[in-house]
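Asks: Structure below; questions to follow.
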Amino acid sequence: MPRLTPIAIVLFAGVTAFAGPKKTPRANNMPRGFAWPPSRAMKAAAQACEAQLDTLGVAWQAAQPAGHMVDPIELTTGQLGGITYVPVYAKTLPAMDCQLALALATLAPRLYDAGVREVHVGSTYRWSNVRVGGKTLPMLSRHALGLAMDVVSFVDDTGREAVVAKDYKAGDELLLAVERTVNDSTAFRTVLTPKNDPKSHHDHFHLEANPDYTEPTS
Ligand SMILES: [Zn+2]
């Protein structure tokens, strides 16, 4: 795919500028060490992930296999760390990979402290390519891995709903706090927003977990 490289460089150069060197772009957009079908290390990581969800007290159950989800799960109560995840378009919260649930669970105390009580979810798993800058790129989106979540709004502890499509550009404090919190976390890649991708993310935040499936050296 050499002819695509300039697009990717332009795209990711803008994104990485916000977050510093820890958010290194990936040429194929897949997590480090990702393979399909899943490697032994990835299956081990999935088992460890489930154990961590249990340790954190997250209510979850296995979901139907789909796409390239290594470990598809559903949040049975829709809750993570005192924050409720509400489906906007579907009747139930769509499936996600365990690694996304774990990343969100890890982030939950900081989101809660920022005032977040509800996250209104447009989608998680879906079989799709990367869409950014108004273009669909010929590389698989992390939605197809169940590692990404599109969020259309957040509700705070007073019940106020901050809608990405209309409140982000006005400098909404809750939305900016969420953006900062996600970008400060190594469990996530840089959140895509109306600011860094106005063409394809004008009406939602794209949150994306960043697991590392590289085989442990020890
Ligand atoms: Zn997305």
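Following the order of the structure tokens, first chain is A, next is B, and so on, with residues numbered from 1 inside each chain and ligands from 1 in the order they appear.
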For ligand 1, return the neighbouring residues as a list in words (distance at most 7 Å; only C-alpha atoms and all ligand atoms).
Replies: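 These are the residues that qualify: His143, Ala148, Met149, Asp150, His206 and Leu207 of chain A.
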Asks: Let's have the selection written as a PDB file, in the first residue's frame, with N, CA and C atoms.
Replies:
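Saved as again-v2.pdb:
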```pdb
ATOM      1  N   HIS A 143     -12.621  -0.489  15.092  1.00  0.00           N
ATOM      2  CA  HIS A 143     -13.999  -0.915  15.381  1.00  0.00           C
ATOM      3  C   HIS A 143     -14.166  -2.392  15.004  1.00  0.00           C
ATOM      4  N   ALA A 148     -12.721  -0.020  19.547  1.00  0.00           N
ATOM      5  CA  ALA A 148     -13.052   1.401  19.436  1.00  0.00           C
ATOM      6  C   ALA A 148     -14.506   1.652  19.807  1.00  0.00           C
ATOM      7  N   MET A 149     -14.755   2.852  20.339  1.00  0.00           N
ATOM      8  CA  MET A 149     -16.113   3.254  20.736  1.00  0.00           C
ATOM      9  C   MET A 149     -16.365   4.671  20.258  1.00  0.00           C
ATOM     10  N   ASP A 150     -17.489   4.875  19.554  1.00  0.00           N
ATOM     11  CA  ASP A 150     -17.901   6.214  19.153  1.00  0.00           C
ATOM     12  C   ASP A 150     -18.904   6.740  20.174  1.00  0.00           C
ATOM     13  N   HIS A 206     -14.138   9.530  18.989  1.00  0.00           N
ATOM     14  CA  HIS A 206     -13.739   8.155  18.702  1.00  0.00           C
ATOM     15  C   HIS A 206     -12.664   7.769  19.726  1.00  0.00           C
ATOM     16  N   LEU A 207     -13.039   6.883  20.648  1.00  0.00           N
ATOM     17  CA  LEU A 207     -12.102   6.407  21.669  1.00  0.00           C
ATOM     18  C   LEU A 207     -11.588   5.043  21.240  1.00  0.00           C
TER      19      LEU A 207
END
```
Asks: How would you write, as a PyMOL selection string, the set of residues in region 50-188 of chain A that DSSP gives as strand (DSSP E or B)?
Replies: chain A and resi 60-62+72-75+79-80+83-87+96-97+116-123+129-132+135-140+148-156+161-163+188
Asks: Keeping only N, CA and C atoms, write those residues as a CSV table (one decimal), in the first residue's frame.
Replies:
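So the final result, stored in result_22.csv, reads:
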```csv
chain,number,residue,atom,x,y,z
A,60,TRP,N,-19.8,-8.8,33.3
A,60,TRP,CA,-19.6,-9.0,31.9
A,60,TRP,C,-20.0,-10.4,31.6
A,61,GLN,N,-20.3,-10.7,30.3
A,61,GLN,CA,-20.5,-12.0,29.8
A,61,GLN,C,-19.9,-12.2,28.4
A,62,ALA,N,-19.6,-13.4,28.0
A,62,ALA,CA,-19.1,-13.6,26.6
A,62,ALA,C,-20.2,-13.2,25.6
A,72,PRO,N,-14.7,-11.2,22.4
A,72,PRO,CA,-15.9,-10.4,22.4
A,72,PRO,C,-16.7,-10.6,23.8
A,73,ILE,N,-17.0,-9.5,24.3
A,73,ILE,CA,-17.8,-9.5,25.6
A,73,ILE,C,-18.9,-8.5,25.5
A,74,GLU,N,-19.9,-8.6,26.5
A,74,GLU,CA,-20.9,-7.6,26.7
A,74,GLU,C,-20.9,-7.2,28.1
A,75,LEU,N,-21.1,-5.9,28.4
A,75,LEU,CA,-21.3,-5.4,29.7
A,75,LEU,C,-22.7,-5.7,30.2
A,79,GLN,N,-22.5,-1.0,33.0
A,79,GLN,CA,-21.8,-0.1,33.9
A,79,GLN,C,-20.4,-0.4,34.0
A,80,LEU,N,-19.6,0.6,34.2
A,80,LEU,CA,-18.1,0.5,34.4
A,80,LEU,C,-17.7,1.5,35.4
A,83,ILE,N,-20.0,4.5,36.0
A,83,ILE,CA,-20.5,5.2,34.8
A,83,ILE,C,-21.3,4.3,34.0
A,84,THR,N,-22.5,4.8,33.5
A,84,THR,CA,-23.4,4.0,32.7
A,84,THR,C,-23.1,4.2,31.2
A,85,TYR,N,-23.0,3.2,30.5
A,85,TYR,CA,-22.8,3.3,29.0
A,85,TYR,C,-24.2,3.0,28.4
A,86,VAL,N,-24.7,4.0,27.7
A,86,VAL,CA,-26.1,3.9,27.1
A,86,VAL,C,-26.0,3.8,25.6
A,87,PRO,N,-26.6,2.8,25.0
A,87,PRO,CA,-26.7,2.7,23.5
A,87,PRO,C,-27.6,3.8,23.0
A,96,MET,N,-18.0,-5.6,22.6
A,96,MET,CA,-16.7,-5.0,22.5
A,96,MET,C,-15.7,-6.0,22.9
A,97,ASP,N,-14.4,-5.8,22.5
A,97,ASP,CA,-13.4,-6.7,23.0
A,97,ASP,C,-13.1,-6.4,24.4
A,116,VAL,N,-18.2,12.7,34.8
A,116,VAL,CA,-18.9,11.9,33.9
A,116,VAL,C,-19.7,10.8,34.6
A,117,ARG,N,-21.0,10.7,34.3
A,117,ARG,CA,-21.9,9.7,34.8
A,117,ARG,C,-22.5,8.8,33.8
A,118,GLU,N,-22.7,9.3,32.6
A,118,GLU,CA,-23.2,8.5,31.5
A,118,GLU,C,-22.4,8.8,30.2
A,119,VAL,N,-22.2,7.7,29.4
A,119,VAL,CA,-21.6,7.8,28.1
A,119,VAL,C,-22.6,7.3,27.1
A,120,HIS,N,-22.9,8.1,26.1
A,120,HIS,CA,-23.9,7.8,25.2
A,120,HIS,C,-23.2,7.3,23.9
A,121,VAL,N,-23.4,6.0,23.7
A,121,VAL,CA,-22.5,5.2,22.7
A,121,VAL,C,-23.2,5.1,21.4
A,122,GLY,N,-22.6,5.6,20.3
A,122,GLY,CA,-23.1,5.4,19.0
A,122,GLY,C,-22.8,4.0,18.5
A,123,SER,N,-21.6,3.5,18.6
A,123,SER,CA,-21.2,2.2,18.2
A,123,SER,C,-19.9,1.7,18.9
A,129,ASN,N,-13.6,0.0,7.7
A,129,ASN,CA,-12.3,0.5,7.5
A,129,ASN,C,-12.2,1.9,8.2
A,130,VAL,N,-11.0,2.3,8.3
A,130,VAL,CA,-10.7,3.7,8.9
A,130,VAL,C,-11.4,4.7,8.1
A,131,ARG,N,-12.1,5.6,8.7
A,131,ARG,CA,-12.6,6.8,8.0
A,131,ARG,C,-12.1,8.0,8.8
A,132,VAL,N,-11.4,8.9,8.1
A,132,VAL,CA,-10.8,10.0,8.7
A,132,VAL,C,-10.6,11.1,7.6
A,135,LYS,N,-12.3,10.7,4.3
A,135,LYS,CA,-11.9,9.6,3.4
A,135,LYS,C,-12.0,8.3,4.1
A,136,THR,N,-12.4,7.3,3.4
A,136,THR,CA,-12.3,5.9,3.9
A,136,THR,C,-11.0,5.3,3.4
A,137,LEU,N,-10.1,4.9,4.3
A,137,LEU,CA,-8.8,4.4,4.0
A,137,LEU,C,-8.9,2.8,3.8
A,138,PRO,N,-8.0,2.2,3.0
A,138,PRO,CA,-8.1,0.8,2.8
A,138,PRO,C,-7.3,0.1,4.0
A,139,MET,N,-7.6,0.4,5.2
A,139,MET,CA,-7.1,-0.3,6.3
A,139,MET,C,-8.2,-0.5,7.3
A,140,LEU,N,-8.1,-1.6,8.0
A,140,LEU,CA,-9.2,-2.0,8.9
A,140,LEU,C,-9.3,-1.0,10.1
A,148,ALA,N,-12.7,0.0,19.5
A,148,ALA,CA,-13.1,1.4,19.4
A,148,ALA,C,-14.5,1.7,19.8
A,149,MET,N,-14.8,2.9,20.3
A,149,MET,CA,-16.1,3.3,20.7
A,149,MET,C,-16.4,4.7,20.3
A,150,ASP,N,-17.5,4.9,19.6
A,150,ASP,CA,-17.9,6.2,19.2
A,150,ASP,C,-18.9,6.7,20.2
A,151,VAL,N,-18.6,7.9,20.7
A,151,VAL,CA,-19.5,8.5,21.7
A,151,VAL,C,-20.1,9.8,21.2
A,152,VAL,N,-21.4,10.0,21.3
A,152,VAL,CA,-22.1,11.2,20.8
A,152,VAL,C,-22.3,12.2,21.9
A,153,SER,N,-22.4,11.8,23.2
A,153,SER,CA,-22.6,12.7,24.2
A,153,SER,C,-22.2,12.1,25.6
A,154,PHE,N,-22.0,13.0,26.6
A,154,PHE,CA,-21.7,12.6,27.9
A,154,PHE,C,-22.6,13.3,28.9
A,155,VAL,N,-23.0,12.7,29.9
A,155,VAL,CA,-23.9,13.3,30.9
A,155,VAL,C,-23.1,13.5,32.2
A,156,ASP,N,-23.2,14.6,32.8
A,156,ASP,CA,-22.5,14.9,34.1
A,156,ASP,C,-23.3,14.6,35.3
A,161,GLU,N,-26.4,17.1,29.7
A,161,GLU,CA,-25.9,16.3,28.6
A,161,GLU,C,-25.0,17.2,27.7
A,162,ALA,N,-23.7,16.8,27.6
A,162,ALA,CA,-22.8,17.6,26.7
A,162,ALA,C,-22.7,16.8,25.4
A,163,VAL,N,-23.2,17.4,24.3
A,163,VAL,CA,-23.3,16.8,23.0
A,163,VAL,C,-22.1,17.2,22.2
A,188,PHE,N,-5.2,4.2,25.9
A,188,PHE,CA,-5.9,4.7,24.7
A,188,PHE,C,-5.0,5.4,23.7
```
Asks: Could you pull the residues within 12 Å of Gly57 (chain A), counting only C-alpha atoms, minus those fewer than 4 positions along the same chain, as a ChimeraX atom specification?
Replies: /A:50-53,75-77,79-82,101-102,105-106
Asks: Please produce an output containing C-alpha atoms for each residue in the selection, written as a short mmCIF file (atom, residue, chain, number, x, y, z; two decimals), in the first residue's frame.
Replies:
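The resulting again24.cif:
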```cif
data_model
loop_
_atom_site.label_atom_id
_atom_site.label_comp_id
_atom_site.auth_asym_id
_atom_site.auth_seq_id
_atom_site.Cartn_x
_atom_site.Cartn_y
_atom_site.Cartn_z
CA GLU A 50 -11.11 -11.28 31.79
CA ALA A 51 -9.45 -11.93 35.13
CA GLN A 52 -8.74 -8.20 35.52
CA LEU A 53 -12.37 -7.32 34.76
CA LEU A 75 -21.27 -5.42 29.73
CA THR A 76 -24.27 -7.06 31.38
CA THR A 77 -25.27 -3.99 33.40
CA GLN A 79 -21.82 -0.07 33.88
CA LEU A 80 -18.13 0.45 34.43
CA GLY A 81 -16.82 2.11 37.59
CA GLY A 82 -20.04 3.97 38.39
CA ALA A 101 -13.77 -2.74 28.48
CA LEU A 102 -10.61 -3.04 30.56
CA ALA A 105 -12.58 0.38 33.49
CA THR A 106 -9.03 1.59 34.12
#
```
Asks: Quote the spacing between CA of His68 (chain A) and CA of Cys98 (chain A) in Å to one decimal place.
Replies: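 Separation of CA of His68 (chain A) and CA of Cys98 (chain A): 12.4 Å.
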Asks: Residues at most 9 Å from region 37-46 of chain A, counting only C-alpha atoms, excluding those fewer than 6 positions away in the same chain, as a PyMOL selection string?
Replies: chain A and resi 68+70-71+97-99+212-216
Asks: Considering only C-alpha atoms, return as a ChimeraX atom specification whatever protein or nucleic-acid residues lie within 10 Å of Trp127 (chain A), sequence-local ones (same chain, fewer than 6 positions apart) excluded.
Replies: /A:66-68,140-146
